[in-house]
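Note: the block below is my_file31.txt and it holds compact mmCIF, C-alpha atoms and all ligand atoms.
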# COMPACT_ATOMS: atom_id res chain seq x y z
CA MET F 1 309.48 83.70 223.69
CA SER F 2 308.23 80.86 225.86
CA ASN F 3 310.84 81.37 228.63
CA TYR F 4 310.18 85.05 229.14
CA ALA F 5 307.84 86.46 231.78
CA ILE F 6 304.43 87.66 230.63
CA GLU F 7 305.44 91.34 230.87
CA THR F 8 308.28 90.74 228.40
CA LYS F 9 305.96 88.78 226.09
CA CYS F 10 303.52 91.73 226.03
CA ILE F 11 306.28 93.88 224.59
CA GLN F 12 308.40 91.51 222.54
CA SER F 13 306.43 88.45 221.38
CA GLY F 14 305.27 87.96 217.82
CA TYR F 15 307.78 90.11 215.97
CA GLU F 16 311.56 89.78 215.85
CA PRO F 17 313.10 92.13 213.31
CA GLY F 18 316.12 90.94 211.36
CA ASN F 19 319.25 93.03 210.79
CA GLY F 20 318.30 96.47 209.43
CA GLU F 21 314.55 95.83 209.59
CA ALA F 22 311.92 98.07 211.19
CA ARG F 23 312.08 97.92 215.01
CA VAL F 24 308.31 98.36 215.29
CA LEU F 25 305.94 95.78 213.76
CA PRO F 26 305.29 97.02 210.20
CA ILE F 27 301.76 97.36 208.82
CA TYR F 28 301.61 95.11 205.76
CA GLN F 29 298.76 97.08 204.22
CA SER F 30 298.61 94.87 201.16
CA THR F 31 295.85 92.57 200.01
CA THR F 32 298.26 90.40 198.10
CA PHE F 33 301.84 89.12 197.81
CA LYS F 34 304.05 88.66 194.74
CA TYR F 35 305.76 85.43 193.58
CA ASP F 36 308.27 84.78 190.83
CA SER F 37 306.76 81.59 189.44
CA THR F 38 303.36 80.05 188.76
CA GLU F 39 304.59 76.87 190.39
CA HIS F 40 305.49 78.60 193.67
CA MET F 41 302.05 80.22 193.90
CA GLY F 42 300.45 76.85 193.09
CA LYS F 43 302.28 75.20 195.99
CA LEU F 44 300.88 77.81 198.37
CA PHE F 45 297.34 77.04 197.24
CA ALA F 46 297.98 73.33 197.61
CA LEU F 47 299.20 73.92 201.20
CA GLU F 48 302.51 72.33 200.18
CA GLU F 49 304.48 75.42 201.17
CA ASP F 50 304.06 78.15 203.77
CA GLY F 51 303.74 81.71 202.58
CA TYR F 52 301.43 84.69 202.23
CA PHE F 53 299.33 85.10 199.14
CA TYR F 54 296.09 86.85 200.07
CA THR F 55 295.34 88.82 203.24
CA ARG F 56 291.90 87.22 203.74
CA LEU F 57 293.78 84.02 204.60
CA ALA F 58 296.88 85.41 206.27
CA ASN F 59 298.87 88.61 206.61
CA PRO F 60 302.24 89.15 208.37
CA THR F 61 300.98 91.97 210.64
CA ASN F 62 297.91 89.99 211.68
CA ASP F 63 299.99 86.85 212.23
CA ALA F 64 302.55 88.64 214.42
CA VAL F 65 299.82 89.92 216.73
CA ALA F 66 298.09 86.52 216.81
CA GLN F 67 301.45 84.99 217.78
CA LYS F 68 301.81 87.48 220.63
CA ILE F 69 298.39 86.57 222.05
CA CYS F 70 299.23 82.89 221.54
CA ASP F 71 302.40 83.37 223.64
CA LEU F 72 300.50 85.27 226.34
CA GLU F 73 297.96 82.44 226.66
CA GLY F 74 300.57 79.68 226.37
CA GLY F 75 299.02 78.14 223.25
CA VAL F 76 300.44 76.51 220.12
CA ALA F 77 298.60 78.46 217.40
CA ALA F 78 296.27 81.45 217.11
CA VAL F 79 294.35 83.49 214.59
CA LEU F 80 292.92 87.01 214.76
CA THR F 81 289.35 87.71 213.69
CA SER F 82 287.53 90.91 212.82
CA SER F 83 285.55 90.90 216.11
CA GLY F 84 285.03 88.93 219.29
CA GLN F 85 281.73 87.72 217.85
CA ALA F 86 283.55 86.29 214.83
CA ALA F 87 286.05 84.61 217.18
CA ASN F 88 283.32 82.81 219.13
CA TYR F 89 281.43 81.91 215.97
CA TYR F 90 284.50 80.45 214.25
CA ALA F 91 285.70 78.68 217.39
CA VAL F 92 282.42 76.73 217.47
CA PHE F 93 281.60 76.47 213.76
CA ASN F 94 285.06 75.02 213.09
CA ILE F 95 283.94 71.80 214.80
CA CYS F 96 280.11 71.97 214.69
CA GLU F 97 277.84 71.56 211.70
CA ALA F 98 274.11 71.03 211.05
CA GLY F 99 272.90 68.16 213.23
CA ASP F 100 275.44 68.83 216.00
CA HIS F 101 274.94 70.07 219.53
CA LEU F 102 276.90 72.10 222.06
CA VAL F 103 276.69 72.84 225.77
CA MET F 104 276.99 76.45 226.92
CA SER F 105 277.10 78.18 230.29
CA SER F 106 274.03 80.37 230.81
CA LYS F 107 276.29 83.14 232.14
CA VAL F 108 277.77 84.56 228.95
CA TYR F 109 277.79 87.85 227.05
CA GLY F 110 274.38 88.59 225.44
CA GLY F 111 275.87 88.52 221.92
CA THR F 112 277.35 85.07 222.51
CA PHE F 113 274.03 83.82 223.89
CA ASN F 114 272.17 85.09 220.83
CA LEU F 115 274.79 83.64 218.46
CA LEU F 116 274.94 80.16 219.96
CA VAL F 117 271.30 79.74 221.05
CA ASN F 118 269.41 81.51 218.26
CA THR F 119 271.57 82.07 215.17
CA MET F 120 273.38 78.71 215.27
CA LYS F 121 269.98 77.04 215.63
CA LYS F 122 269.07 78.40 212.20
CA MET F 123 272.18 76.63 210.94
CA GLY F 124 271.03 73.36 212.48
CA VAL F 125 273.24 73.44 215.59
CA GLU F 126 271.37 73.02 218.88
CA CYS F 127 272.61 74.47 222.17
CA THR F 128 271.82 73.31 225.71
CA VAL F 129 272.27 76.08 228.26
CA VAL F 130 273.59 75.03 231.68
CA ASP F 131 274.00 76.78 235.02
CA PRO F 132 277.77 77.16 235.56
CA ASP F 133 277.25 76.47 239.27
CA ALA F 134 275.50 73.15 238.59
CA SER F 135 277.05 69.96 239.96
CA GLU F 136 279.04 67.69 237.66
CA GLU F 137 276.17 65.22 237.78
CA GLU F 138 273.75 67.86 236.52
CA LEU F 139 276.17 69.08 233.85
CA ASN F 140 276.61 65.51 232.58
CA LYS F 141 272.90 65.36 231.78
CA ALA F 142 273.26 68.15 229.19
CA PHE F 143 275.46 66.03 226.88
CA GLN F 144 274.22 64.12 223.84
CA PRO F 145 276.01 61.73 221.45
CA ASN F 146 276.25 64.63 218.93
CA THR F 147 277.69 67.17 221.43
CA LYS F 148 280.86 68.74 219.97
CA CYS F 149 282.05 71.29 222.52
CA VAL F 150 281.41 73.16 225.77
CA VAL F 151 281.48 76.97 225.80
CA ALA F 152 281.85 79.26 228.83
CA GLU F 153 283.34 82.59 229.92
CA SER F 154 286.14 82.75 232.48
CA VAL F 155 284.50 85.82 234.07
CA ALA F 156 281.02 86.25 232.64
CA ASN F 157 279.91 89.55 231.14
CA PRO F 158 277.98 91.08 232.89
CA ALA F 159 277.09 88.52 235.60
CA LEU F 160 280.76 88.33 236.74
CA VAL F 161 280.40 84.65 237.53
CA VAL F 162 283.86 83.08 237.82
CA LEU F 163 284.07 79.78 235.96
CA ASP F 164 285.09 76.66 237.81
CA PHE F 165 287.50 75.72 235.02
CA GLU F 166 288.53 72.36 236.42
CA LYS F 167 284.93 71.21 236.87
CA PHE F 168 284.00 72.25 233.32
CA ALA F 169 287.17 70.73 231.81
CA ARG F 170 286.55 67.42 233.62
CA VAL F 171 282.98 67.22 232.38
CA ALA F 172 283.85 68.22 228.79
CA HIS F 173 286.74 65.75 228.59
CA ALA F 174 284.68 62.94 230.11
CA HIS F 175 282.39 63.36 227.10
CA GLY F 176 285.27 63.57 224.61
CA VAL F 177 284.81 67.23 223.65
CA PRO F 178 286.94 70.38 224.07
CA LEU F 179 286.26 73.20 226.50
CA ILE F 180 286.18 76.59 224.76
CA VAL F 181 286.63 79.52 227.15
CA ASP F 182 286.12 83.19 226.36
CA ASN F 183 288.88 84.84 228.41
CA THR F 184 288.09 88.44 227.46
CA PHE F 185 287.58 89.86 230.96
CA PRO F 186 290.55 88.52 232.96
CA THR F 187 292.95 88.51 229.98
CA PRO F 188 296.01 86.24 230.21
CA ILE F 189 297.51 88.73 232.67
CA ASN F 190 295.03 87.59 235.33
CA CYS F 191 294.19 84.07 234.20
CA ARG F 192 295.46 81.54 231.67
CA PRO F 193 292.65 79.00 231.14
CA PHE F 194 294.94 76.39 229.51
CA GLU F 195 296.61 75.92 232.92
CA PHE F 196 293.26 74.71 234.26
CA GLY F 197 292.20 72.39 231.45
CA ALA F 198 290.57 74.64 228.83
CA ASP F 199 291.43 73.57 225.28
CA ILE F 200 290.57 76.63 223.19
CA VAL F 201 290.54 80.27 224.33
CA THR F 202 288.72 83.11 222.58
CA HIS F 203 288.93 86.86 223.07
CA SER F 204 287.14 89.99 222.19
CA THR F 205 290.40 91.94 221.78
CA THR F 206 288.15 95.00 221.56
CA LYS F 207 288.26 95.10 225.36
CA TYR F 208 291.39 95.21 227.59
CA MET F 209 293.74 93.89 224.92
CA ASP F 210 293.26 96.96 222.75
CA GLY F 211 292.39 98.86 225.92
CA HIS F 212 291.80 102.24 224.30
CA ALA F 213 288.44 101.63 222.58
CA THR F 214 289.92 102.12 219.13
CA VAL F 215 289.60 98.76 217.32
CA VAL F 216 287.04 95.96 217.30
CA GLY F 217 288.72 92.57 217.05
CA GLY F 218 288.91 88.99 218.23
CA CYS F 219 291.31 86.12 218.63
CA ILE F 220 291.17 82.31 218.89
CA VAL F 221 294.02 80.41 220.54
CA ASP F 222 294.49 76.64 220.60
CA SER F 223 296.31 74.99 223.51
CA GLY F 224 297.20 72.04 221.27
CA ASN F 225 296.16 69.75 224.13
CA PHE F 226 292.91 68.30 222.79
CA ASP F 227 293.56 65.12 220.84
CA TRP F 228 291.09 65.30 217.94
CA THR F 229 292.41 62.02 216.52
CA LYS F 230 291.00 60.15 219.53
CA TYR F 231 287.53 60.92 218.17
CA PRO F 232 287.97 60.85 214.36
CA GLU F 233 284.27 60.37 213.62
CA LYS F 234 283.18 63.15 215.94
CA PHE F 235 285.71 65.61 214.50
CA ALA F 236 285.64 64.38 210.92
CA GLY F 237 286.37 67.88 209.57
CA LEU F 238 289.79 67.73 211.22
CA CYS F 239 290.55 64.01 210.97
CA THR F 240 289.33 62.95 207.51
CA PRO F 241 290.27 64.21 204.02
CA ASP F 242 288.94 67.67 203.11
CA HIS F 243 287.99 67.45 199.44
CA THR F 244 288.02 71.28 199.17
CA TYR F 245 291.78 71.15 199.87
CA HIS F 246 292.94 68.26 197.69
CA GLY F 247 292.08 65.73 200.37
CA VAL F 248 294.26 67.21 203.10
CA VAL F 249 293.74 65.72 206.58
CA PHE F 250 294.28 68.65 208.94
CA THR F 251 295.46 66.60 211.91
CA GLU F 252 298.02 64.77 209.75
CA HIS F 253 299.24 67.79 207.83
CA PHE F 254 299.31 70.41 210.60
CA GLY F 255 299.66 68.33 213.78
CA LYS F 256 298.92 70.43 216.86
CA ALA F 257 298.05 73.42 214.67
CA ALA F 258 295.22 71.49 212.93
CA TYR F 259 292.31 73.35 214.55
CA ILE F 260 293.67 76.87 213.85
CA SER F 261 294.88 75.85 210.38
CA LYS F 262 291.36 74.75 209.48
CA ILE F 263 289.97 78.12 210.62
CA VAL F 264 292.55 79.95 208.49
CA THR F 265 292.33 77.82 205.37
CA VAL F 266 288.61 76.95 205.35
CA LEU F 267 286.62 79.48 207.41
CA MET F 268 288.68 82.53 206.45
CA ARG F 269 288.72 81.33 202.83
CA ASP F 270 284.94 80.90 202.73
CA LEU F 271 283.62 83.44 205.23
CA GLY F 272 286.33 86.09 205.69
CA SER F 273 286.19 88.08 208.98
CA ILE F 274 289.84 89.05 209.14
CA PRO F 275 290.98 92.23 210.87
CA SER F 276 292.61 94.95 208.80
CA PRO F 277 296.42 94.97 209.28
CA HIS F 278 296.11 98.55 210.50
CA ASN F 279 293.74 97.44 213.27
CA SER F 280 296.16 94.68 214.24
CA PHE F 281 298.95 97.26 214.46
CA LEU F 282 296.83 99.32 216.89
CA LEU F 283 295.92 96.18 218.86
CA ASN F 284 299.61 95.40 219.17
CA ILE F 285 300.31 98.80 220.69
CA GLY F 286 297.54 98.13 223.23
CA LEU F 287 299.02 94.71 224.05
CA GLU F 288 302.38 96.29 224.84
CA THR F 289 300.90 97.88 227.97
CA LEU F 290 298.39 95.16 228.91
CA HIS F 291 300.51 94.05 231.87
CA LEU F 292 300.56 97.61 233.25
CA ARG F 293 296.93 98.49 232.64
CA VAL F 294 295.16 95.34 233.83
CA PRO F 295 296.53 95.44 237.41
CA ARG F 296 295.59 99.14 237.67
CA HIS F 297 292.05 98.42 236.43
CA CYS F 298 291.74 95.71 239.09
CA GLU F 299 293.19 97.85 241.88
CA ASN F 300 290.84 100.75 241.06
CA ALA F 301 287.85 98.40 240.75
CA GLN F 302 288.59 96.87 244.15
CA LYS F 303 288.49 100.33 245.79
CA VAL F 304 285.35 101.35 243.90
CA ALA F 305 283.60 98.06 244.81
CA GLU F 306 284.44 98.59 248.48
CA PHE F 307 283.10 102.17 248.28
CA LEU F 308 279.84 101.01 246.67
CA GLU F 309 279.39 98.14 249.11
CA ALA F 310 279.56 100.57 252.04
CA HIS F 311 277.15 103.08 250.44
CA PRO F 312 273.61 103.18 251.91
CA LYS F 313 271.94 103.73 248.50
CA VAL F 314 273.50 100.59 247.01
CA ALA F 315 271.59 97.35 247.57
CA LYS F 316 274.04 94.89 246.11
CA VAL F 317 277.55 94.91 244.64
CA ASN F 318 278.78 92.15 242.44
CA PHE F 319 282.58 91.97 242.21
CA PRO F 320 284.60 88.77 242.64
CA GLY F 321 287.27 90.66 244.61
CA LEU F 322 284.87 91.32 247.52
CA LYS F 323 284.97 88.78 250.34
CA SER F 324 281.16 88.85 250.41
CA ASN F 325 281.01 87.67 246.78
CA ALA F 326 279.85 84.12 246.01
CA TYR F 327 282.76 83.71 243.58
CA TYR F 328 285.49 85.11 245.84
CA GLU F 329 287.04 81.68 246.51
CA LEU F 330 286.99 80.65 242.84
CA ALA F 331 288.53 84.00 241.90
CA GLN F 332 291.27 83.52 244.50
CA LYS F 333 291.97 80.06 243.09
CA TYR F 334 292.00 80.83 239.38
CA MET F 335 292.87 84.54 239.22
CA PRO F 336 294.47 85.66 242.50
CA GLY F 337 295.83 88.84 240.90
CA GLY F 338 292.30 90.10 240.11
CA SER F 339 289.34 89.22 237.89
CA SER F 340 288.86 92.39 235.84
CA GLY F 341 287.95 96.04 236.31
CA VAL F 342 284.25 95.38 235.79
CA ILE F 343 281.72 95.68 238.61
CA SER F 344 277.97 95.34 238.51
CA PHE F 345 275.67 96.70 241.17
CA VAL F 346 272.02 97.29 241.97
CA LEU F 347 270.80 100.53 243.57
CA ASP F 348 268.45 100.45 246.52
CA GLY F 349 265.66 101.97 244.42
CA THR F 350 263.69 101.73 241.22
CA LYS F 351 264.78 101.31 237.62
CA GLU F 352 264.17 105.07 237.28
CA ASP F 353 266.66 105.72 240.10
CA ALA F 354 269.24 103.76 238.11
CA VAL F 355 268.54 105.98 235.11
CA THR F 356 268.81 109.18 237.24
CA PHE F 357 272.10 107.97 238.70
CA MET F 358 273.55 107.16 235.29
CA ASP F 359 272.40 110.44 233.74
CA HIS F 360 274.16 112.45 236.48
CA LEU F 361 277.58 110.87 236.03
CA LYS F 362 280.16 113.31 234.70
CA LEU F 363 283.45 111.39 234.45
CA ALA F 364 281.98 107.95 233.80
CA ALA F 365 280.34 107.93 230.36
CA ILE F 366 277.31 105.95 229.18
CA VAL F 367 278.76 103.91 226.35
CA THR F 368 278.23 100.48 224.83
CA HIS F 369 281.62 99.32 225.84
CA VAL F 370 283.53 97.82 228.66
CA ALA F 371 287.15 97.30 229.60
CA ASP F 372 288.93 100.30 228.18
CA ALA F 373 291.03 102.99 229.85
CA ARG F 374 288.05 105.29 230.52
CA THR F 375 285.46 104.58 233.20
CA CYS F 376 282.08 103.81 231.66
CA VAL F 377 278.61 102.55 232.59
CA LEU F 378 275.83 100.63 230.91
CA HIS F 379 272.36 99.32 231.76
CA PRO F 380 272.47 95.71 230.44
CA ALA F 381 268.69 95.13 230.50
CA SER F 382 268.06 98.05 228.14
CA HIS F 383 271.34 97.85 226.20
CA THR F 384 273.48 94.71 225.60
CA HIS F 385 270.87 92.17 226.74
CA ARG F 386 267.81 93.92 225.30
CA GLN F 387 266.83 90.95 223.07
CA MET F 388 266.37 88.62 226.03
CA ASN F 389 263.07 87.94 227.73
CA GLU F 390 262.73 88.26 231.51
CA LYS F 391 263.45 84.60 232.18
CA GLN F 392 266.57 84.64 230.00
CA LEU F 393 267.69 87.89 231.67
CA LEU F 394 267.48 86.31 235.12
CA GLU F 395 269.23 83.15 233.86
CA ALA F 396 272.04 85.35 232.55
CA GLY F 397 272.26 87.05 235.96
CA VAL F 398 270.90 90.38 234.68
CA GLU F 399 268.43 92.02 237.08
CA PRO F 400 266.33 94.86 235.59
CA GLY F 401 268.04 97.46 237.82
CA LEU F 402 271.57 96.16 237.34
CA ILE F 403 274.23 98.72 236.38
CA ARG F 404 277.48 97.59 234.83
CA LEU F 405 280.43 99.76 235.69
CA SER F 406 283.74 99.38 233.90
CA VAL F 407 286.36 100.99 236.10
CA GLY F 408 289.04 102.76 234.11
CA ILE F 409 292.61 103.73 234.96
CA GLU F 410 291.94 107.35 235.91
CA ASN F 411 292.77 108.42 239.47
CA VAL F 412 290.49 106.29 241.63
CA ASN F 413 289.55 109.21 243.91
CA ASP F 414 288.12 111.07 240.91
CA ILE F 415 286.08 107.99 239.92
CA ILE F 416 284.69 107.57 243.44
CA ALA F 417 283.87 111.32 243.72
CA ASP F 418 281.89 111.10 240.46
CA LEU F 419 279.92 108.06 241.60
CA SER F 420 279.30 109.71 244.98
CA GLN F 421 277.83 112.94 243.52
CA ALA F 422 275.57 110.93 241.16
CA LEU F 423 274.35 108.77 244.06
CA ASP F 424 273.49 112.00 245.92
CA GLN F 425 270.98 112.81 243.14
CA ILE F 426 268.67 109.89 243.98
N1 LIG R 501 282.90 88.03 224.46
C1 LIG R 501 282.74 88.84 225.52
C2 LIG R 501 283.00 88.32 226.89
C3 LIG R 501 282.32 90.16 225.35
O1 LIG R 501 282.18 90.96 226.40
C4 LIG R 501 282.06 90.62 224.03
C5 LIG R 501 281.61 92.00 223.79
O2 LIG R 501 281.28 92.74 224.69
C6 LIG R 501 282.23 89.73 222.96
C7 LIG R 501 282.67 88.45 223.21
C8 LIG R 501 281.98 90.17 221.56
O3 LIG R 501 283.10 90.90 221.13
P1 LIG R 501 283.06 92.03 219.99
O4 LIG R 501 282.24 93.16 220.49
O5 LIG R 501 284.52 92.36 219.83
O6 LIG R 501 282.49 91.41 218.78
Translate the structure described by the file into C-alpha cells.
Amino acid sequence: MSNYAIETKCIQSGYEPGNGEARVLPIYQSTTFKYDSTEHMGKLFALEEDGYFYTRLANPTNDAVAQKICDLEGGVAAVLTSSGQAANYYAVFNICEAGDHLVMSSKVYGGTFNLLVNTMKKMGVECTVVDPDASEEELNKAFQPNTKCVVAESVANPALVVLDFEKFARVAHAHGVPLIVDNTFPTPINCRPFEFGADIVTHSTTKYMDGHATVVGGCIVDSGNFDWTKYPEKFAGLCTPDHTYHGVVFTEHFGKAAYISKIVTVLMRDLGSIPSPHNSFLLNIGLETLHLRVPRHCENAQKVAEFLEAHPKVAKVNFPGLKSNAYYELAQKYMPGGSSGVISFVLDGTKEDAVTFMDHLKLAAIVTHVADARTCVLHPASHTHRQMNEKQLLEAGVEPGLIRLSVGIENVNDIIADLSQALDQI
C-alpha cells in the first residue's frame, strides 16, 4: 500500500481479501488456531515459522489493523495494545529495565506522566522530566550513561504544546537513543513524526482513530530507522541472545522488525494487554473515515478558537492554529493541515466560574474523553491531572482554571451557540 495516498490507505490498508473471501475485514474471534502436526506447532513456538497460534501473541484481525496504522505512519512494523497506556508502557519497557533511565517531556498526558515518573520508578527505571522548549544544550544535560530513550507528545494533552521534533530527534540521536513520540492528537493525517526523525510512534487509538468513543485501544509503530545494533550493550534485550526464546537474537532474526517482534513475543507473552479482535474490527471502521473526520475537527476547532479568543469573558485561548499562539510556527512547520480539534482556554474569572460555565453547556458534554465525534469538555485539574501537585500541574501546563474543549464534528454554529449561552451564565 506504500504508493497510495493516505486517504486510500485509511480505507484499504491492512486487509486484502483473496478470491471469494469476505470483502470486509473478518473478526477472528478465536483464542486459538488449529494445526495438523505437533511439529508444525513446535516450529511456531520456536519462532522458526510464521503463523497464528494464540491470540494473546497475535491474531489476524488485530494484525490487519496494526498494519493499517503502520502504513498510515509510514513504519515497518506495528502492534496493537489494549489501551494507549499499555502502548506507552510497552514502548518504553521493551528497551528499559531496572537500573535504566529515560528522558521525558514535561508536557505529556497525566497518565503518561504518572506511568513514567511514578510507576516505572517502582520498577527501578528513573525518569528525568525536561521542558520541551528548552535549548539543545539544556536538554543534553538530562542524559545519563544509562539513558535508553526520549519520550514526548507531538501535540501535548492538554497543554497543546507542539513538539519541535527535529530538535528532540537530534538530541536523542546524539546520545544514541531512540525518540518515542505519542502521536495521538494530530494522528498521521496531520503529522507523521517519522518524517521528522522520530523512531517509534505510539497512539491511544481510543481518540481520533476510533473516533466514536466506542473502544479503548493503543498502537506502537516502529519506523525501522533506529539502528539498535550500533549500541549492542545498551540494547542488549534486542541485540544479544534471549534465553527465554531458545537464544534468539531479535535484531538478527527479525531485522527491522526486531523492536515490534520483541513486544509481541516477549511482552505480550508475559504481560498480555492485547485488544479483543472485536475491538480491532470497530477501530478499523473508525480508521476508514479518519481522513474525513480529522480535517473537519480541525476546521471546526479553528472557528471555535477564534470565537473564544474574541469573547470578553475568555482570558486566554490555547490553540496552535491561532496566530497569537506560541506554537503557531512549529505547528505550521510540522502539521500545516491542523494540529487537532482540541482547544484549552481559561475564563476571565474564578474556578467557580469555570464550573458554572461547564455545568450550563447543553450540546458539549462533560466527559472523561477527548477527540471523538461529539464535542466534550473537561476540567484537567480536577479530572485527568488530579494526582499532580500544584508544581507538577504548572509544569504540565495545566492552570487551575483551564478548561479543555474537544471540538466535535457537529455543525460548528451549533457548537459556538452552545458555548455562547453558557458563557452568558457567568
Ligand atoms: N496518550 C495520550 C496523548 C492521551 O491523551 C491518552 C489518553 O487520554 C493516552 C495516551 C492514554 O490512552 P488510553 O486512555 O487509551 O489508555
Could you list, as a compact mmCIF listing (two decimals) with C-alpha atoms, keeping the file's coordinate frame, every residue within 10 Å of Lys9 of chain F, counting all atoms listed in the file and ignoring same-chain residues fewer than 2 positions away?
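Final output, result_31.txt:
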# COMPACT_ATOMS: atom_id res chain seq x y z
CA MET F 1 309.48 83.70 223.69
CA SER F 2 308.23 80.86 225.86
CA ASN F 3 310.84 81.37 228.63
CA TYR F 4 310.18 85.05 229.14
CA ALA F 5 307.84 86.46 231.78
CA ILE F 6 304.43 87.66 230.63
CA GLU F 7 305.44 91.34 230.87
CA ILE F 11 306.28 93.88 224.59
CA GLN F 12 308.40 91.51 222.54
CA SER F 13 306.43 88.45 221.38
CA GLY F 14 305.27 87.96 217.82
CA LYS F 68 301.81 87.48 220.63
CA ILE F 69 298.39 86.57 222.05
CA ASP F 71 302.40 83.37 223.64
CA LEU F 72 300.50 85.27 226.34
CA LEU F 287 299.02 94.71 224.05
CA GLU F 288 302.38 96.29 224.84
CA HIS F 291 300.51 94.05 231.87
Mind listing the residues within 9 Å of ligand LIG 501 (chain R), only C-alpha atoms and all ligand atoms counted, as a PDB file with C-alpha atoms, in the frame of the given file?
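Output below, filename pocket36.pdb:
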ATOM      1  CA  SER F  82     287.530  90.910 212.820  1.00  0.00           C
ATOM      2  CA  SER F  83     285.550  90.900 216.110  1.00  0.00           C
ATOM      3  CA  GLY F  84     285.030  88.930 219.290  1.00  0.00           C
ATOM      4  CA  GLN F  85     281.730  87.720 217.850  1.00  0.00           C
ATOM      5  CA  ALA F  86     283.550  86.290 214.830  1.00  0.00           C
ATOM      6  CA  ALA F  87     286.050  84.610 217.180  1.00  0.00           C
ATOM      7  CA  ASN F  88     283.320  82.810 219.130  1.00  0.00           C
ATOM      8  CA  VAL F 108     277.770  84.560 228.950  1.00  0.00           C
ATOM      9  CA  TYR F 109     277.790  87.850 227.050  1.00  0.00           C
ATOM     10  CA  GLY F 110     274.380  88.590 225.440  1.00  0.00           C
ATOM     11  CA  GLY F 111     275.870  88.520 221.920  1.00  0.00           C
ATOM     12  CA  THR F 112     277.350  85.070 222.510  1.00  0.00           C
ATOM     13  CA  GLU F 153     283.340  82.590 229.920  1.00  0.00           C
ATOM     14  CA  SER F 154     286.140  82.750 232.480  1.00  0.00           C
ATOM     15  CA  VAL F 155     284.500  85.820 234.070  1.00  0.00           C
ATOM     16  CA  ALA F 156     281.020  86.250 232.640  1.00  0.00           C
ATOM     17  CA  ASN F 157     279.910  89.550 231.140  1.00  0.00           C
ATOM     18  CA  PRO F 158     277.980  91.080 232.890  1.00  0.00           C
ATOM     19  CA  ASP F 182     286.120  83.190 226.360  1.00  0.00           C
ATOM     20  CA  ASN F 183     288.880  84.840 228.410  1.00  0.00           C
ATOM     21  CA  THR F 184     288.090  88.440 227.460  1.00  0.00           C
ATOM     22  CA  PHE F 185     287.580  89.860 230.960  1.00  0.00           C
ATOM     23  CA  THR F 202     288.720  83.110 222.580  1.00  0.00           C
ATOM     24  CA  HIS F 203     288.930  86.860 223.070  1.00  0.00           C
ATOM     25  CA  SER F 204     287.140  89.990 222.190  1.00  0.00           C
ATOM     26  CA  THR F 205     290.400  91.940 221.780  1.00  0.00           C
ATOM     27  CA  THR F 206     288.150  95.000 221.560  1.00  0.00           C
ATOM     28  CA  LYS F 207     288.260  95.100 225.360  1.00  0.00           C
ATOM     29  CA  VAL F 215     289.600  98.760 217.320  1.00  0.00           C
ATOM     30  CA  VAL F 216     287.040  95.960 217.300  1.00  0.00           C
ATOM     31  CA  GLY F 217     288.720  92.570 217.050  1.00  0.00           C
ATOM     32  CA  GLY F 218     288.910  88.990 218.230  1.00  0.00           C
ATOM     33  CA  THR F 368     278.230 100.480 224.830  1.00  0.00           C
ATOM     34  CA  HIS F 369     281.620  99.320 225.840  1.00  0.00           C
ATOM     35  CA  VAL F 370     283.530  97.820 228.660  1.00  0.00           C
ATOM     36  CA  ALA F 371     287.150  97.300 229.600  1.00  0.00           C
ATOM     37  CA  THR F 384     273.480  94.710 225.600  1.00  0.00           C
TER      38      THR F 384
END
Give me the residues of segment 179-215 of chain F that have any atom at most 12 Å from an atom of segment 252-272 of chain F; for each, the nearest atom pair and the distance in Å, rounded to one decimal. Use only C-alpha atoms, sort by chain and number, and format it as a tab-separated table.
residue	atom	partner	partner_atom	distance
F:Asp199	CA	F:Tyr259	CA	10.8
F:Ile200	CA	F:Tyr259	CA	9.4
F:Val201	CA	F:Ile260	CA	11.5
F:Thr202	CA	F:Ile260	CA	11.8
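Closest approach to Phe33 of chain F among F:Val346, F:Leu57, F:Val398, F:Cys10: F:Leu57, based on all atoms listed in the file.
Of the listed residues F:Gly349, F:Pro178, F:Pro145, F:Gly321, the one whose atoms come nearest to Pro336 of chain F is F:Gly321, with distances taken using all atoms listed in the file.
Minimum distance to Gly75 of chain F across F:His385, F:Lys316, F:Arg192, F:His40 (counting all atoms listed in the file) occurs at F:Arg192.
Close contacts of Ala365 of chain F, defined as residues with an atom at most 8 Å away when counting only C-alpha atoms, with chain neighbours fewer than 3 positions off set aside, comprise Leu361, Lys362, Thr375, Cys376 and Val377 of chain F.
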| Top pick for closest residue to Phe165 of chain F, considering F:Asn279, F:Asn146, F:Asn389, F:Ser105 and counting only C-alpha atoms | F:Ser105
Identify, on the basis of all atoms listed in the file, every residue whose closest approach to segment 301-303 of chain F does not exceed 10 Å; exclude the query and any residue fewer than 3 positions from it along the same chain; express the result as a CSV table (one decimal) with C-alpha atoms, in the coordinates of the input.
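Result written to result_39.csv:
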chain,number,residue,atom,x,y,z
F,295,PRO,CA,296.5,95.4,237.4
F,296,ARG,CA,295.6,99.1,237.7
F,297,HIS,CA,292.0,98.4,236.4
F,298,CYS,CA,291.7,95.7,239.1
F,306,GLU,CA,284.4,98.6,248.5
F,307,PHE,CA,283.1,102.2,248.3
F,308,LEU,CA,279.8,101.0,246.7
F,309,GLU,CA,279.4,98.1,249.1
F,319,PHE,CA,282.6,92.0,242.2
F,320,PRO,CA,284.6,88.8,242.6
F,321,GLY,CA,287.3,90.7,244.6
F,322,LEU,CA,284.9,91.3,247.5
F,338,GLY,CA,292.3,90.1,240.1
F,339,SER,CA,289.3,89.2,237.9
F,340,SER,CA,288.9,92.4,235.8
F,341,GLY,CA,288.0,96.0,236.3
F,342,VAL,CA,284.2,95.4,235.8
F,343,ILE,CA,281.7,95.7,238.6
F,405,LEU,CA,280.4,99.8,235.7
F,406,SER,CA,283.7,99.4,233.9
F,407,VAL,CA,286.4,101.0,236.1
F,408,GLY,CA,289.0,102.8,234.1
F,409,ILE,CA,292.6,103.7,235.0
F,412,VAL,CA,290.5,106.3,241.6
F,413,ASN,CA,289.6,109.2,243.9
F,415,ILE,CA,286.1,108.0,239.9
F,416,ILE,CA,284.7,107.6,243.4
